[in-house]
Every structure is written in C-alpha cells, then in structure tokens.
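Everything on this sheet refers to the single structure shown next.
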Amino acid sequence: MGDKSGEPELIGASTAAASIDLDDALWNPISTAALARAHPLFDERVLDACCGDGASALSTAELVGPGGVVDAVDLAEPLVEAARERAGERMPQLRLHVADVTSWEPAGYDLVQCVLGVIDFDDLDAGTRHLIERARPGGRVAITVWARGAFEPLYDVLAEAVPGASRGAEMPRAAGLGSIDTAGTLAHWLTELGLVGVRAHAVQRHLDLTPELAWALALGTGLRALLDELDEASVSEVRVRYLAALEDRAVTSVDVSTLIAIGHRPVE
C-alpha cells in the first residue's frame, strides 16, 4: 500500500514497521473497501501497484485463485519483504516485485489497482496514465486516494509540535492531488486520462484515537515527513508535545475517508 512519505526508495525498516503496525486499524479496512468495488475475479491477471506490505495484494491473490496472477509492485523493499513473509508459500499466484511501477513494462492485465499509491508519483498524471496503459483493452482500473479532509487535524497538531515546521501547511502530497479529493473531481480526472465509464465512491471513516494509535499514524503515514529531519531525541520530545496537544484540544478521532474510482480502458 501507498502513502509513504518522501521518496519510496528512502523508506527504511523503522518506517516500514510503523506502517505495518497500522494494518488492522487503517490499511486492511481501506483495502477491503477498495477490493469490494474493484471485484478481482477468479483466474484474472491483476497488477497491484504500490502494494506496500500486501494489504490489498494478498486478498486479491486469494480472490483470483491459483489460476490467476497478481503482480504486486513497490519500491520499498522492507514493505515488499513484509508482504512476502505474510504470503509465505501458500499463494504461488502472488508475485512480489521491488520495482518502480511507473516504469513497469508488463501489460494486458484484467485489473490494475492502486490503493493510496499515486501520492508517491513524481508526475501524478504521467504515472497514473502509465498504470492505465497496463490494463488490457476493456480491462478495469481502480484508483484509491485520500478524500478531502483526511488526517485532519493531526497534521496541524503535529506541525505545531515540531520545531521550525511551517504552520498551516498541507499534508505532503503529489502535485495536483489536491484537485482530485472529491468523488466528482477524481472521476473527471481519470476520464481525462483515458478511462471510460468511471464511477467514484466516497468511503467515509473515522478512527477513534488512543495515544498509541495517534503516534503510530505520525510514524507510519505521510505525517512522517515532518519528523524525517529530526534525531531520535527530538522525535521523542515531539511525541510528548504532540500527544499533550491532542489531549488539550480534546481530539479523540481522525478522518481517514477515502475515494475509490473504477473505470475501464477503452476497447480499441
């Protein structure tokens, strides 16, 4: 899965571990909602782009069965290795790759899906168009992104706890991602990129916060970008200030709503 702060190749073991800690609370429910709309089918060939630790890829492999194929691709080797450990030997149809999906060559997939991964693309339009071109004519493309307001108010609270961080800045995202944070704008954008019959759905969800979960979100999502330049002692100090500020403001939940869009590559 996506939403890794900074360049994907810079994801280290500690950041990967923090992201994996969020599987049950965050990534797995989001992937379940995405797959419910993408509908991977028995014997299909699927590209799972920006697969992370396999939250969507493993479930997809189960759905396509032994006659199908799932190519799961991510640049973050620690996350791919975590997915490999989760899969074990029970899913020969799942093929895991450490690679840049924006230059992935194989094509002809029945389904191309990317759950919260396009945020990592240097060029949002070009990277997503490349994914669309991996689908066969008539094949499905499913893209999941954060909805408007996701992670509010955590980013502002964390920024205020980090010395020198800019106040009121938006959470790091790929250029242009802020213009596709509603169902309507997401569907329009994917149509402009070449998909037909696009339908987008908003999946509204909030997480009840505990101190442990609030800090896990700071370490394992795009919020992490605020901490990347700090040493260990400074991060510990930020943690204390951040959690205290959440308590002072009575912040007890966080918005983690997503948008899921499904379209088809035109039959030429």
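Naming scheme: A, B, ... for chains in displayed order of the structure tokens; residues 1 onward per chain; ligands 1 onward as shown.
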Check your understanding: Ala161 (chain A): which residues within 6 Å, counting only C-alpha atoms, same-chain residues fewer than 4 positions away excluded, as a VMD selection string?
Key -> chain A and resid 238 241 to 242
Exercise for review: as a PyMOL selection string, please: all residues of region 14-198 of chain A that backbone DSSP puts in alpha helix (DSSP H).
Suggested key: chain A and resi 14-20+28-38+57-64+77-87+124-134+154-161+183-192
Point to revise | Glu85 (chain A) surroundings by only C-alpha atoms, 12 Å radius, close-in-sequence under 6 positions cut, as number ranges by chain | key: A: 53-54, 58, 78-79, 91, 96
Include C-alpha atoms and write out the residues we just selected as a PDB file, in the first residue's frame.
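Final file, again-v7.pdb:
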```pdb
ATOM      1  CA  ASP A  53       3.131  -4.786   2.775  1.00  0.00           C
ATOM      2  CA  GLY A  54       0.408  -6.541   0.802  1.00  0.00           C
ATOM      3  CA  LEU A  58      -2.819 -10.786  -0.524  1.00  0.00           C
ATOM      4  CA  PRO A  78      11.171  -3.634   3.539  1.00  0.00           C
ATOM      5  CA  LEU A  79       7.452  -3.491   2.771  1.00  0.00           C
ATOM      6  CA  MET A  91      -0.028 -18.232  -2.769  1.00  0.00           C
ATOM      7  CA  LEU A  96       6.100  -9.724  -5.474  1.00  0.00           C
TER       8      LEU A  96
END
```
Exercise for review: Kindly indicate which residue among A:Val118, A:Val157, A:Ala16, A:Ala142 lies nearest to Ala245 (chain A), using only C-alpha atoms for the distances.
Suggested key: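 Closest to Ala245 (chain A) of all the choices is A:Val157.
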Exercise for review: Excluding His201 (chain A) and residues on its chain fewer than 5 positions from it, collect all residues at most 8 Å away from it, counting only C-alpha atoms, and give them as a ChimeraX atom specification.
Suggested key: /A:183,259-261
Practice item. Using DSSP on the backbone coordinates, identify all residues within region 4-248 of chain A classified as strand (DSSP E); present the result as a VMD selection string. Key: chain A and resid 45 to 49 69 to 74 94 to 98 109 to 115 135 to 146 196 to 203 206 to 208
Could you save those same residues with C-alpha atoms as a PDB file, in the first residue's frame?
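This went into out-v4.pdb:
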```
ATOM      1  CA  ARG A  45      -4.446 -11.206 -14.087  1.00  0.00           C
ATOM      2  CA  VAL A  46      -4.014  -8.256 -11.715  1.00  0.00           C
ATOM      3  CA  LEU A  47      -1.396  -5.555 -11.244  1.00  0.00           C
ATOM      4  CA  ASP A  48      -1.353  -4.285  -7.656  1.00  0.00           C
ATOM      5  CA  ALA A  49       0.627  -1.045  -7.868  1.00  0.00           C
ATOM      6  CA  VAL A  69      -1.810 -13.974 -11.293  1.00  0.00           C
ATOM      7  CA  VAL A  70      -1.182 -10.954  -9.088  1.00  0.00           C
ATOM      8  CA  ASP A  71       1.916  -8.888  -9.775  1.00  0.00           C
ATOM      9  CA  ALA A  72       2.410  -6.769  -6.641  1.00  0.00           C
ATOM     10  CA  VAL A  73       4.938  -3.963  -7.120  1.00  0.00           C
ATOM     11  CA  ASP A  74       6.501  -1.483  -4.716  1.00  0.00           C
ATOM     12  CA  LEU A  94       1.196 -13.824  -5.936  1.00  0.00           C
ATOM     13  CA  ARG A  95       4.390 -12.458  -7.484  1.00  0.00           C
ATOM     14  CA  LEU A  96       6.100  -9.724  -5.474  1.00  0.00           C
ATOM     15  CA  HIS A  97       8.488  -7.246  -7.092  1.00  0.00           C
ATOM     16  CA  VAL A  98      10.706  -4.451  -5.792  1.00  0.00           C
ATOM     17  CA  TYR A 109      -3.953  -7.031 -17.051  1.00  0.00           C
ATOM     18  CA  ASP A 110      -7.645  -7.636 -16.431  1.00  0.00           C
ATOM     19  CA  LEU A 111      -7.434  -5.332 -13.419  1.00  0.00           C
ATOM     20  CA  VAL A 112      -4.934  -2.657 -12.437  1.00  0.00           C
ATOM     21  CA  GLN A 113      -5.376  -1.327  -8.908  1.00  0.00           C
ATOM     22  CA  CYS A 114      -3.513   1.210  -6.814  1.00  0.00           C
ATOM     23  CA  VAL A 115      -4.601   1.781  -3.229  1.00  0.00           C
ATOM     24  CA  ALA A 135      -4.665  -2.758 -18.416  1.00  0.00           C
ATOM     25  CA  ARG A 136      -5.890  -4.695 -21.441  1.00  0.00           C
ATOM     26  CA  PRO A 137      -8.486  -3.026 -23.677  1.00  0.00           C
ATOM     27  CA  GLY A 138     -11.726  -3.367 -21.740  1.00  0.00           C
ATOM     28  CA  GLY A 139      -9.837  -4.055 -18.504  1.00  0.00           C
ATOM     29  CA  ARG A 140     -10.617  -2.329 -15.236  1.00  0.00           C
ATOM     30  CA  VAL A 141      -8.545   0.298 -13.432  1.00  0.00           C
ATOM     31  CA  ALA A 142      -9.221   1.054  -9.747  1.00  0.00           C
ATOM     32  CA  ILE A 143      -7.619   4.025  -8.011  1.00  0.00           C
ATOM     33  CA  THR A 144      -7.980   4.881  -4.313  1.00  0.00           C
ATOM     34  CA  VAL A 145      -6.948   8.272  -2.910  1.00  0.00           C
ATOM     35  CA  TRP A 146      -7.475  10.180   0.324  1.00  0.00           C
ATOM     36  CA  VAL A 196     -14.395   5.289 -19.714  1.00  0.00           C
ATOM     37  CA  GLY A 197     -17.418   4.596 -17.545  1.00  0.00           C
ATOM     38  CA  VAL A 198     -15.678   5.909 -14.439  1.00  0.00           C
ATOM     39  CA  ARG A 199     -17.603   5.743 -11.174  1.00  0.00           C
ATOM     40  CA  ALA A 200     -16.167   7.155  -7.952  1.00  0.00           C
ATOM     41  CA  HIS A 201     -17.340   6.463  -4.425  1.00  0.00           C
ATOM     42  CA  ALA A 202     -16.584   8.165  -1.122  1.00  0.00           C
ATOM     43  CA  VAL A 203     -15.932   5.845   1.804  1.00  0.00           C
ATOM     44  CA  HIS A 206     -13.088   7.975  11.280  1.00  0.00           C
ATOM     45  CA  LEU A 207     -10.676   6.324  13.670  1.00  0.00           C
ATOM     46  CA  ASP A 208     -11.074   6.658  17.413  1.00  0.00           C
TER      47      ASP A 208
END
```
